[in-house]
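Enquirer: The file below is structure_10.txt, compact mmCIF, C-alpha atoms and all ligand atoms:
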```
# COMPACT_ATOMS: atom_id res chain seq x y z
CA PRO A 1 28.81 15.95 -21.83
CA GLU A 2 28.43 14.57 -25.33
CA ALA A 3 26.18 11.75 -26.44
CA ILE A 4 24.29 10.24 -29.33
CA THR A 5 21.13 8.18 -29.46
CA VAL A 6 21.56 4.51 -30.24
CA ALA A 7 19.26 4.81 -33.25
CA GLU A 8 21.25 7.75 -34.59
CA LEU A 9 24.51 5.90 -34.10
CA ALA A 10 23.14 2.88 -35.97
CA ASN A 11 21.88 5.18 -38.68
CA ARG A 12 25.28 6.82 -39.07
CA MET A 13 27.00 3.45 -39.31
CA ALA A 14 24.23 2.03 -41.51
CA GLU A 15 23.88 -0.88 -39.15
CA ARG A 16 20.71 -2.43 -37.78
CA VAL A 17 19.56 -0.81 -34.55
CA ALA A 18 19.04 -4.25 -33.00
CA ASP A 19 22.66 -5.17 -33.72
CA VAL A 20 23.92 -1.99 -32.08
CA VAL A 21 21.72 -2.61 -29.02
CA LYS A 22 23.08 -6.15 -28.81
CA SER A 23 26.66 -4.98 -29.12
CA LEU A 24 26.06 -2.49 -26.33
CA MET A 25 24.55 -5.15 -24.15
CA GLN A 26 27.56 -7.36 -24.73
CA SER A 27 29.59 -4.50 -23.29
CA GLY A 28 27.24 -4.43 -20.33
CA ILE A 29 25.36 -1.32 -21.38
CA MET A 30 21.59 -1.38 -21.37
CA ALA A 31 20.28 1.08 -23.91
CA THR A 32 17.20 1.12 -26.06
CA GLN A 33 17.18 2.81 -29.43
CA ASN A 34 15.98 6.18 -28.20
CA GLN A 35 18.42 6.36 -25.33
CA THR A 36 21.69 8.20 -25.56
CA ILE A 37 25.17 6.83 -24.99
CA ASP A 38 28.25 8.92 -24.42
CA ALA A 39 30.83 9.69 -27.07
CA ASP A 40 33.46 7.32 -25.68
CA THR A 41 31.05 4.40 -25.63
CA ALA A 42 29.90 5.30 -29.13
CA GLU A 43 33.50 5.27 -30.27
CA LEU A 44 34.02 1.78 -28.83
CA ILE A 45 30.92 0.48 -30.57
CA ILE A 46 31.90 2.11 -33.84
CA GLU A 47 35.26 0.37 -33.68
CA GLU A 48 33.59 -2.90 -32.78
CA PHE A 49 31.60 -2.69 -35.99
CA GLY A 50 34.82 -2.17 -37.88
CA HIS A 51 34.11 1.45 -38.78
CA ARG A 52 36.61 4.18 -38.41
CA VAL A 53 35.92 6.92 -35.93
CA THR A 54 35.90 10.22 -37.73
CA ARG A 55 35.80 13.01 -35.27
CA VAL A 56 37.01 15.63 -37.68
CA SER A 57 36.69 18.48 -35.26
CA ASP A 58 34.98 19.35 -32.03
CA ALA A 59 32.33 21.12 -34.03
CA ASP A 60 31.72 17.93 -35.98
CA VAL A 61 31.26 16.02 -32.75
CA GLU A 62 28.86 18.66 -31.51
CA ASP A 63 26.84 18.08 -34.63
CA VAL A 64 26.62 14.33 -34.09
CA ILE A 65 26.43 14.27 -30.36
CA LYS A 66 23.28 15.37 -28.61
CA VAL A 67 22.54 16.22 -25.01
CA ALA A 68 23.77 13.51 -22.70
CA GLU A 69 22.71 12.15 -19.32
CA ASP A 70 20.79 14.62 -17.24
CA ALA A 71 21.18 18.31 -17.86
CA PRO A 72 22.45 20.04 -14.71
CA GLU A 73 19.25 22.08 -14.49
CA ASP A 74 17.19 18.87 -14.37
CA LEU A 75 19.02 17.61 -11.31
CA GLN A 76 17.52 17.91 -7.86
CA GLY A 77 18.78 16.93 -4.42
CA ARG A 78 18.02 13.37 -3.41
CA PRO A 79 18.17 11.54 -0.07
CA PRO A 80 21.39 9.70 0.77
CA VAL A 81 21.36 5.90 0.73
CA ILE A 82 23.05 4.59 3.84
CA THR A 83 24.07 0.97 4.27
CA ILE A 84 24.52 -0.38 7.78
CA MET A 85 27.36 -2.89 7.85
CA GLY A 86 29.30 -4.72 10.51
CA HIS A 87 29.98 -7.99 12.26
CA VAL A 88 27.16 -10.38 13.14
CA ASP A 89 25.30 -9.40 16.33
CA HIS A 90 27.06 -6.06 16.66
CA GLY A 91 23.64 -4.42 16.63
CA LYS A 92 22.99 -3.26 13.05
CA THR A 93 19.28 -4.08 13.05
CA SER A 94 18.85 -2.85 16.64
CA LEU A 95 20.46 0.44 15.73
CA LEU A 96 18.21 0.88 12.73
CA ASP A 97 15.20 -0.16 14.83
CA ALA A 98 16.13 2.51 17.37
CA ILE A 99 16.49 5.12 14.62
CA ARG A 100 13.14 4.14 13.11
CA ASN A 101 11.40 3.61 16.44
CA ALA A 102 10.53 0.15 15.19
CA ASN A 103 11.23 -3.36 16.27
CA VAL A 104 12.41 -5.61 13.47
CA THR A 105 15.01 -7.54 15.50
CA SER A 106 12.45 -9.32 17.68
CA GLY A 107 10.65 -10.69 14.62
CA GLU A 108 13.78 -12.20 13.10
CA ALA A 109 14.50 -15.91 13.15
CA GLY A 110 17.26 -16.42 15.73
CA GLY A 111 17.82 -12.66 15.77
CA ILE A 112 19.81 -12.98 12.57
CA THR A 113 18.92 -10.77 9.62
CA GLN A 114 18.32 -13.03 6.62
CA HIS A 115 17.51 -10.41 4.04
CA ILE A 116 18.28 -6.79 3.31
CA GLY A 117 15.77 -4.46 4.87
CA ALA A 118 15.26 -1.10 3.20
CA TYR A 119 13.72 1.81 5.07
CA GLN A 120 13.26 5.56 4.86
CA VAL A 121 13.61 7.70 7.91
CA THR A 122 12.77 11.39 8.35
CA THR A 123 14.92 13.01 11.02
CA ASP A 124 13.66 15.64 13.48
CA SER A 125 15.28 18.31 11.35
CA GLY A 126 13.34 17.05 8.32
CA ALA A 127 16.14 15.30 6.45
CA VAL A 128 15.06 12.14 4.61
CA LEU A 129 17.50 9.23 4.80
CA SER A 130 17.25 5.85 3.04
CA PHE A 131 18.73 2.96 5.01
CA LEU A 132 19.70 -0.53 3.94
CA ASP A 133 20.22 -3.10 6.67
CA THR A 134 22.49 -5.93 5.59
CA PRO A 135 22.70 -9.40 7.08
CA GLY A 136 25.80 -10.01 9.18
CA HIS A 137 26.08 -13.68 8.43
CA ALA A 138 29.12 -14.79 6.42
CA ALA A 139 26.93 -16.58 3.87
CA PHE A 140 25.61 -13.23 2.69
CA THR A 141 28.94 -11.73 1.72
CA SER A 142 28.06 -11.46 -1.94
CA MET A 143 24.75 -9.78 -1.19
CA ARG A 144 26.54 -7.34 1.06
CA SER A 145 29.09 -6.51 -1.56
CA ARG A 146 26.23 -5.69 -3.91
CA GLY A 147 24.74 -3.55 -1.15
CA ALA A 148 27.85 -1.41 -1.18
CA GLN A 149 27.30 -0.47 -4.83
CA VAL A 150 23.96 1.20 -4.35
CA THR A 151 25.04 3.03 -1.25
CA ASP A 152 26.29 6.58 -0.75
CA ILE A 153 27.45 6.20 2.84
CA VAL A 154 28.39 3.18 4.94
CA VAL A 155 27.67 3.18 8.65
CA LEU A 156 30.10 0.68 10.13
CA VAL A 157 28.67 -0.72 13.34
CA VAL A 158 31.24 -2.02 15.79
CA ALA A 159 30.21 -3.33 19.20
CA ALA A 160 32.26 -1.71 21.94
CA ASP A 161 32.34 -4.97 23.91
CA ASP A 162 33.73 -6.96 20.99
CA ALA A 163 35.72 -4.48 18.86
CA VAL A 164 36.85 -5.24 15.30
CA MET A 165 35.89 -8.72 14.06
CA PRO A 166 36.27 -10.54 10.69
CA GLN A 167 33.08 -9.16 9.15
CA THR A 168 34.00 -5.67 10.36
CA VAL A 169 37.15 -5.98 8.27
CA GLU A 170 35.12 -7.34 5.36
CA ALA A 171 32.75 -4.37 5.56
CA ILE A 172 35.69 -1.97 5.59
CA SER A 173 37.09 -3.50 2.42
CA HIS A 174 33.68 -3.37 0.71
CA ALA A 175 33.33 0.31 1.58
CA LYS A 176 36.85 1.03 0.41
CA ALA A 177 36.39 -0.92 -2.83
CA ALA A 178 33.18 0.99 -3.54
CA GLY A 179 34.86 4.29 -2.69
CA VAL A 180 32.08 5.11 -0.26
CA PRO A 181 32.63 7.33 2.79
CA MET A 182 32.23 5.66 6.14
CA ILE A 183 30.91 6.68 9.51
CA VAL A 184 31.81 4.50 12.48
CA ALA A 185 29.03 3.81 15.00
CA ILE A 186 30.58 2.38 18.16
CA ASN A 187 27.56 0.51 19.53
CA LYS A 188 26.64 -1.12 22.84
CA CYS A 189 28.31 1.70 24.77
CA ASP A 190 25.80 1.07 27.57
CA LYS A 191 27.50 -2.22 28.42
CA PRO A 192 29.75 -2.30 31.49
CA ASP A 193 32.56 -3.93 29.52
CA ALA A 194 32.30 -1.47 26.63
CA ASN A 195 35.69 -0.25 25.43
CA PRO A 196 35.28 2.34 22.67
CA THR A 197 38.99 3.13 22.72
CA LYS A 198 39.84 -0.43 21.74
CA VAL A 199 37.49 -0.10 18.76
CA ARG A 200 39.30 3.05 17.63
CA THR A 201 42.78 1.56 18.00
CA ASP A 202 41.69 -1.69 16.30
CA LEU A 203 40.43 0.38 13.37
CA LEU A 204 43.85 2.03 13.01
CA GLN A 205 45.23 -1.33 11.93
CA HIS A 206 42.81 -1.20 9.00
CA GLU A 207 43.78 2.34 8.07
CA ILE A 208 40.61 3.83 9.49
CA VAL A 209 41.60 6.87 11.51
CA VAL A 210 38.56 8.27 13.29
CA GLU A 211 38.12 11.90 14.28
CA GLU A 212 38.66 11.07 17.95
CA MET A 213 42.14 9.89 16.87
CA SER A 214 42.65 13.07 14.81
CA GLY A 215 41.65 11.37 11.57
CA ASP A 216 38.84 12.32 9.22
CA VAL A 217 36.40 9.43 9.62
CA GLN A 218 33.45 10.48 11.77
CA ASP A 219 32.91 8.27 14.81
CA VAL A 220 29.98 8.30 17.18
CA GLU A 221 29.49 6.40 20.44
CA VAL A 222 25.96 4.98 20.47
CA SER A 223 23.70 2.54 22.22
CA ALA A 224 20.77 1.03 20.37
CA LYS A 225 19.47 -0.02 23.77
CA THR A 226 19.42 3.34 25.56
CA GLY A 227 19.26 5.57 22.48
CA LYS A 228 22.50 7.31 23.41
CA GLY A 229 24.23 9.09 20.52
CA LEU A 230 21.53 8.39 17.93
CA ASP A 231 20.86 12.06 17.20
CA GLU A 232 24.58 12.60 16.89
CA LEU A 233 24.81 9.69 14.44
CA LEU A 234 21.99 11.11 12.31
CA GLU A 235 23.74 14.48 12.34
CA ALA A 236 26.98 12.86 11.23
CA ILE A 237 25.11 11.18 8.36
CA ALA A 238 23.36 14.39 7.34
CA LEU A 239 26.70 16.22 7.37
CA GLN A 240 28.36 13.58 5.23
CA ALA A 241 25.38 13.59 2.84
CA GLU A 242 25.61 17.37 2.49
CA ILE A 243 29.27 17.09 1.46
CA LEU A 244 28.35 14.54 -1.22
CA GLU A 245 25.78 16.88 -2.84
CA LEU A 246 23.72 13.94 -4.06
CA LYS A 247 21.51 14.66 -7.04
CA ALA A 248 19.17 12.90 -9.41
CA ASN A 249 16.60 13.76 -12.05
CA PRO A 250 13.15 12.73 -10.82
CA ASN A 251 11.60 13.63 -14.19
CA ARG A 252 12.92 10.80 -16.31
CA ALA A 253 12.29 7.10 -16.82
CA ALA A 254 13.32 5.18 -13.74
CA LEU A 255 16.58 3.36 -13.22
CA GLY A 256 16.94 1.20 -10.13
CA ALA A 257 18.78 -1.67 -8.47
CA VAL A 258 17.28 -4.84 -7.06
CA ILE A 259 18.07 -5.06 -3.35
CA GLU A 260 16.41 -8.43 -2.96
CA ALA A 261 13.77 -10.50 -4.71
CA GLN A 262 11.72 -13.55 -3.99
CA LEU A 263 8.80 -15.56 -5.24
CA ASP A 264 5.89 -14.80 -2.94
CA VAL A 265 3.18 -17.45 -2.77
CA GLY A 266 0.32 -14.99 -2.91
CA ARG A 267 1.82 -12.09 -4.84
CA GLY A 268 4.11 -13.80 -7.32
CA PRO A 269 7.65 -12.52 -7.93
CA VAL A 270 8.38 -9.48 -5.74
CA ALA A 271 11.50 -7.34 -5.98
CA THR A 272 12.64 -4.70 -3.53
CA VAL A 273 14.06 -2.04 -5.78
CA LEU A 274 16.03 1.02 -4.82
CA VAL A 275 15.22 3.73 -7.35
CA GLN A 276 18.53 5.37 -8.28
CA ASN A 277 17.35 7.90 -10.83
CA GLY A 278 14.04 8.98 -12.31
CA THR A 279 10.63 8.08 -10.93
CA LEU A 280 9.11 4.61 -11.04
CA ARG A 281 5.34 4.62 -11.47
CA GLN A 282 2.51 2.18 -11.41
CA GLY A 283 1.94 1.01 -15.00
CA ASP A 284 5.57 1.50 -16.06
CA ILE A 285 6.98 -1.19 -18.32
CA PHE A 286 10.45 -2.35 -17.38
CA VAL A 287 13.24 -4.83 -17.90
CA VAL A 288 15.19 -6.03 -14.87
CA GLY A 289 18.08 -8.42 -15.44
CA GLU A 290 16.62 -11.31 -17.39
CA GLN A 291 13.05 -10.51 -16.34
CA TYR A 292 10.57 -7.92 -17.48
CA GLY A 293 7.18 -6.71 -16.42
CA LYS A 294 4.70 -3.93 -15.90
CA VAL A 295 4.43 -2.32 -12.46
CA ARG A 296 1.18 -3.69 -11.03
CA ALA A 297 1.74 -2.21 -7.59
CA LEU A 298 4.39 -0.36 -5.63
CA ILE A 299 4.61 -0.87 -1.88
CA ASN A 300 6.70 1.35 0.36
CA ASP A 301 8.72 0.35 3.46
CA LYS A 302 5.67 0.86 5.66
CA GLY A 303 3.65 -1.65 3.67
CA GLU A 304 1.53 1.04 2.00
CA ARG A 305 0.57 1.12 -1.69
CA VAL A 306 2.13 4.09 -3.44
CA GLN A 307 1.66 5.44 -6.96
CA GLU A 308 5.30 6.31 -7.53
CA ALA A 309 8.80 6.16 -6.10
CA GLY A 310 11.44 8.79 -6.80
CA PRO A 311 15.24 8.78 -6.45
CA SER A 312 16.68 6.95 -3.39
CA VAL A 313 13.30 5.47 -2.49
CA PRO A 314 13.15 1.73 -1.79
CA VAL A 315 9.93 0.05 -2.97
CA GLU A 316 8.57 -3.41 -3.49
CA VAL A 317 7.67 -3.91 -7.13
CA LEU A 318 4.90 -6.29 -8.17
CA GLY A 319 4.14 -7.30 -11.72
CA LEU A 320 7.28 -9.21 -12.74
CA ASN A 321 7.20 -12.19 -15.08
CA GLY A 322 9.93 -13.91 -13.06
CA THR A 323 12.22 -13.41 -10.07
CA PRO A 324 15.29 -11.24 -10.75
CA GLU A 325 18.59 -11.46 -8.86
CA ALA A 326 19.79 -9.10 -6.16
CA GLY A 327 21.95 -6.50 -7.85
CA ASP A 328 20.07 -6.61 -11.18
CA VAL A 329 19.41 -3.24 -12.77
CA LEU A 330 15.86 -2.14 -13.53
CA ASN A 331 15.24 0.07 -16.56
CA VAL A 332 11.91 1.45 -17.63
CA THR A 333 11.34 0.95 -21.35
CA GLU A 334 8.87 2.43 -23.78
CA THR A 335 7.22 -0.75 -24.97
CA GLU A 336 6.67 -4.22 -23.62
CA ALA A 337 8.13 -5.71 -26.80
CA GLN A 338 11.36 -3.86 -26.08
CA ALA A 339 11.48 -5.01 -22.47
CA ARG A 340 10.76 -8.60 -23.48
CA GLU A 341 13.34 -8.58 -26.25
CA ILE A 342 16.09 -7.32 -23.96
CA ALA A 343 15.17 -9.76 -21.18
CA GLU A 344 15.08 -12.67 -23.60
CA TYR A 345 18.35 -11.63 -25.16
CA ARG A 346 20.03 -11.51 -21.76
CA ALA A 347 18.57 -14.87 -20.81
CA GLN A 348 19.98 -16.31 -24.04
CA VAL A 349 23.43 -14.81 -23.37
CA SER A 350 23.61 -16.30 -19.88
CA LYS A 351 22.29 -19.62 -21.17
CA ASP A 352 25.08 -19.65 -23.76
CA LYS A 353 27.59 -18.77 -21.04
CA ARG A 354 26.37 -21.62 -18.86
CA ALA A 355 26.55 -23.99 -21.79
CA ALA A 356 30.11 -22.87 -22.49
CA ALA A 357 31.04 -23.30 -18.83
CA GLY A 358 29.41 -26.74 -18.86
CA ALA A 359 31.40 -27.72 -21.93
CA ALA A 360 34.61 -26.58 -20.27
CA THR A 361 33.93 -28.69 -17.20
CA THR A 362 33.23 -31.70 -19.34
CA LEU A 363 36.48 -31.18 -21.19
CA GLU A 364 38.34 -30.89 -17.88
CA GLN A 365 36.72 -34.08 -16.66
CA LEU A 366 37.68 -35.85 -19.85
CA MET A 367 41.28 -34.70 -19.48
CA GLN A 368 41.37 -35.96 -15.92
CA LYS A 369 40.10 -39.35 -16.97
CA ALA A 370 42.58 -39.65 -19.82
P1 LIG B 1 22.89 -9.77 12.38
O1 LIG B 1 21.74 -9.25 11.59
O2 LIG B 1 22.73 -11.19 12.79
O3 LIG B 1 24.21 -9.52 11.75
O4 LIG B 1 22.94 -8.98 13.78
P2 LIG B 1 22.81 -7.43 14.00
O5 LIG B 1 24.12 -6.77 13.81
O6 LIG B 1 21.66 -6.90 13.25
O7 LIG B 1 22.55 -7.39 15.58
P3 LIG B 1 21.15 -7.24 16.30
O8 LIG B 1 20.60 -5.88 16.12
O9 LIG B 1 20.29 -8.38 15.94
O10 LIG B 1 21.64 -7.31 17.82
C1 LIG B 1 22.33 -8.43 18.35
C2 LIG B 1 22.14 -8.48 19.85
O11 LIG B 1 22.77 -7.37 20.48
C3 LIG B 1 20.68 -8.43 20.29
O12 LIG B 1 20.49 -9.28 21.36
C4 LIG B 1 20.49 -6.98 20.71
O13 LIG B 1 19.50 -6.84 21.69
C5 LIG B 1 21.86 -6.65 21.28
N1 LIG B 1 22.17 -5.23 21.17
C6 LIG B 1 22.16 -4.48 20.04
N2 LIG B 1 22.51 -3.22 20.30
C7 LIG B 1 22.76 -3.15 21.64
C8 LIG B 1 23.16 -2.09 22.50
O14 LIG B 1 23.39 -0.94 22.12
N3 LIG B 1 23.34 -2.41 23.82
C9 LIG B 1 23.13 -3.66 24.30
N4 LIG B 1 23.33 -3.87 25.59
N5 LIG B 1 22.74 -4.67 23.50
C10 LIG B 1 22.55 -4.43 22.19
MG MG B 2 20.53 -7.70 11.76
```
What is this file in C-alpha cells?
Ligand code: GTP
Ligand code: MG
Expert:
Amino acid sequence: PEAITVAELANRMAERVADVVKSLMQSGIMATQNQTIDADTAELIIEEFGHRVTRVSDADVEDVIKVAEDAPEDLQGRPPVITIMGHVDHGKTSLLDAIRNANVTSGEAGGITQHIGAYQVTTDSGAVLSFLDTPGHAAFTSMRSRGAQVTDIVVLVVAADDAVMPQTVEAISHAKAAGVPMIVAINKCDKPDANPTKVRTDLLQHEIVVEEMSGDVQDVEVSAKTGKGLDELLEAIALQAEILELKANPNRAALGAVIEAQLDVGRGPVATVLVQNGTLRQGDIFVVGEQYGKVRALINDKGERVQEAGPSVPVEVLGLNGTPEAGDVLNVTETEAQAREIAEYRAQVSKDKRAAAGAATTLEQLMQKA
C-alpha cells in the first residue's frame, strides 16, 4: 500500500497544512498532519486544490509515498466483535446473559434493553469474544444500524415460538448492508410450541439458507433458559471468526467507535467505546466526533478500572469535554490543541449545516405562504 503524510502532501502542494486537514475532513477523513493517507485520497485532495496529479512513474510514486496503514508484520489477531440482533423479546439479552453467566435481563426496565451493552467473554477453549447486545425496540433502529458497522459477525436471534418478525427482517437487511456474516440462533427451543423448522423456512423467504437447509449460513438451536446449544453457538462463532482472520495493530494510537454515550450525573460525559485498532490508554488525548478530551479513566465491562484497552475491547471512557454521539469515531491525537481544533472545526461544520438546513426550511415555509 502507498501513502503520504498530510504534512508532506501539503508541503508538496505548497498549501497550508491546516487547509489540507480541513479539506480531508470535508471528505470525511480524519487525519492530523503526521498521519498518512493513501495515494488515491491524496490524488483527490490534490485535484481539489486545483493541482495536477503528476505520477510520472511508479518509481516516482514510491518516492513520494511512504509506508501506509499498518505493515503486515505489525498486525496481530484480535477478538471478533459479535452483535446480537433480532426481534424484540426473542431473547437476545437472555442469550448473552446465559453465555456470560450473568443476569442483565432482570435488571432492565420492563425487560426491554434500552441501550447497547458491550461485553467480553472468554470461552472454555480460551477464545475471547466481544459481544454487543442491541435493543430490540423499533425506536432504536438507527442505533442498531450503527451497531452493524462495528461488528464482524451478526448473531441473529429468532424465537422458535414466534419465527421471523419485522425486526428480524430489519436485522437481516442491516447485516446484509454491512456485508457481515451471520449466524442464526434459533432460541426458546425449550418451549413446547417451539418450531425451529418454521424459522428455517421463514428465513428462506429472506434469502437466508441455513446449513440445515443445505445452505451456508450456520444455524444453531439454543435455549437461553436451559443452556441448550450454547457451546455449539460459541463454536459456530469461533469458526466464523477463524475464517475472517481478524487482525489489528495493538501498537499504534487508538481508533475506536462510540457504542453509546451519556451524561452521567457523578462522572460527567461517559462514552462506551469499542477500540477498533491500536491501544487506548489512560492519559491519551483524543478527539471523538465534535468532542475531545484526555482519558481520565477506562472502565471495562466488569466495572473495573483498567490502564488500557486493545483492539476489539469495549471500554467506558471518562474525561470527555462533552457527550459524543453513538457511532462517532474516536482518534487519539498528539496534542490537546490538535484535538480541540478538530473538534471545534467539526462543530462549526455541523453548525453551518444546521443553519443551511434552517434557511432552507424557512424558504420552503415562505414559498408555502406565498
Ligand atoms: P429486547 O431487548 O426487548 O429486544 O428483548 P430481548 O430480545 O433481549 O429478550 P429478553 O432476553 O429480554 O427475553 C424476553 C423474554 O423471553 C424474557 O421473559 C425471557 O425470560 C424469555 N426468554 C428468553 N430466552 C428464552 C428461552 O430460551 N426460553 C424461554 N422459555 N424463554 C426465554
Ligand atoms: Mg434485550
Enquirer: Please write out the residues within 8 Å of ligand LIG 1 (chain B) as number ranges by chain, counting all atoms listed in the file.
Expert: A: 85-97, 105, 111-114, 133-137, 157, 159, 187-191, 222-227
Enquirer: What does the distance from atom CA of A:Ile29 to atom CA of A:Ala177 come to in Å, to one decimal?
Expert: 21.6 Å
Enquirer: Mind checking which residues fall within 9 Å of A:Arg100, counting only C-alpha atoms, ignoring those fewer than 5 positions away in the same chain, and posting them as a list in words?
Expert: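 Listing them by chain and then by number gives Leu95, Tyr119, Gln120, Val121 and Thr122 of chain A.
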Enquirer: Between A:Asn11, A:Asn34, A:Thr333, A:Thr83, which one has atoms that come closest to ligand MG 2 (chain B), using all atoms listed in the file?
Expert: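 With all atoms listed in the file as the atom set, the closest residue is A:Thr83.
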Enquirer: Enter the distance from atom CA of A:Val184 to atom CA of A:Ile237, in Å, rounded to one decimal.
Expert: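 Calculated distance between atom CA of A:Val184 and atom CA of A:Ile237 is 10.3 Å.
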Enquirer: Have a look at atom CA of A:Gly289 and atom CA of A:Val315 and let me know their distance in Å, one decimal.
Expert: 17.1 Å
Enquirer: Compile the contact shell of A:Gln33 as a PyMOL selection string: residues with an atom at most 12 Å away, counting all atoms listed in the file, same-chain residues fewer than 3 positions apart removed.
Expert: chain A and resi 4-11+16-22+24+30+36-37+333-335+338-339+342
Enquirer: Taking only C-alpha atoms into account, which of A:Ala356, A:Pro79, A:Thr323, A:Glu316 comes nearest A:Gln240?
Expert: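 Using only C-alpha atoms, A:Gln240 sits closest to A:Pro79.
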Enquirer: Near A:Gln291, within 10 Å and counting all atoms listed in the file, which residues show up once chain neighbours fewer than 4 positions away are dropped, as a PyMOL selection string?
Expert: chain A and resi 286-287+320-325+328+330+339-340+342-344+346-347
Enquirer: Could you check which of A:Asp70, A:Glu304, A:Leu132, A:Ile243 is closest to ligand MG 2 (chain B), using all atoms listed in the file?
Expert: A:Leu132
Enquirer: Neighbours of stretch 202-204 of chain A within 10 Å (only C-alpha atoms; same-chain residues fewer than 2 positions away dropped), as number ranges by chain?
Expert: A: 158, 163-165, 168-169, 172, 184, 196-200, 206-210, 213, 215
Enquirer: Nearest to ligand MG 2 (chain B): which of A:Ala248, A:Ile84, A:Ala236, A:Ala194 is it, counting only C-alpha atoms and all ligand atoms?
Expert: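 The shortest atom-to-atom distance to ligand MG 2 (chain B) comes from A:Ile84.
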Enquirer: Might you pull out every residue within 9 Å of stretch 258-264 of chain A, with all atoms listed in the file counted and same-chain residues fewer than 6 positions away left off, and present them as a PyMOL selection string?
Expert: chain A and resi 115-118+132+143+146-147+150+270-275+288+314+316+322-330
Enquirer: Okay, now the selection with C-alpha atoms, as a CSV table (one decimal), in the coordinates of the input?
Expert:
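Saved as part-v9.csv:
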```
chain,number,residue,atom,x,y,z
A,115,HIS,CA,17.5,-10.4,4.0
A,116,ILE,CA,18.3,-6.8,3.3
A,117,GLY,CA,15.8,-4.5,4.9
A,118,ALA,CA,15.3,-1.1,3.2
A,132,LEU,CA,19.7,-0.5,3.9
A,143,MET,CA,24.8,-9.8,-1.2
A,146,ARG,CA,26.2,-5.7,-3.9
A,147,GLY,CA,24.7,-3.6,-1.2
A,150,VAL,CA,24.0,1.2,-4.4
A,270,VAL,CA,8.4,-9.5,-5.7
A,271,ALA,CA,11.5,-7.3,-6.0
A,272,THR,CA,12.6,-4.7,-3.5
A,273,VAL,CA,14.1,-2.0,-5.8
A,274,LEU,CA,16.0,1.0,-4.8
A,275,VAL,CA,15.2,3.7,-7.4
A,288,VAL,CA,15.2,-6.0,-14.9
A,314,PRO,CA,13.2,1.7,-1.8
A,316,GLU,CA,8.6,-3.4,-3.5
A,322,GLY,CA,9.9,-13.9,-13.1
A,323,THR,CA,12.2,-13.4,-10.1
A,324,PRO,CA,15.3,-11.2,-10.8
A,325,GLU,CA,18.6,-11.5,-8.9
A,326,ALA,CA,19.8,-9.1,-6.2
A,327,GLY,CA,22.0,-6.5,-7.8
A,328,ASP,CA,20.1,-6.6,-11.2
A,329,VAL,CA,19.4,-3.2,-12.8
A,330,LEU,CA,15.9,-2.1,-13.5
```
Enquirer: In terms of the shortest atom-to-atom distance over all atoms listed in the file, which of A:Asn277, A:Gln76, A:Asn331, A:Thr151 is closest to A:Ser130?
Expert: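 Result for the nearest residue to A:Ser130: A:Thr151.
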Enquirer: For A:Pro311, which of A:Ala185, A:Leu156, A:Val128, A:Ala355 is the closest residue, counting all atoms listed in the file?
Expert: A:Val128
Enquirer: For stretch 245-249 of chain A, take all atoms listed in the file, fit an axis-aligned box around them, add 3 Å to each of the six sides, then output centre and edge lengths in Å rounded to one decimal, as lines of an AutoDock Vina configuration file.
Expert:
```
center_x = 21.2
center_y = 14.9
center_z = -7.4
size_x = 15.2
size_y = 10.0
size_z = 15.2
```
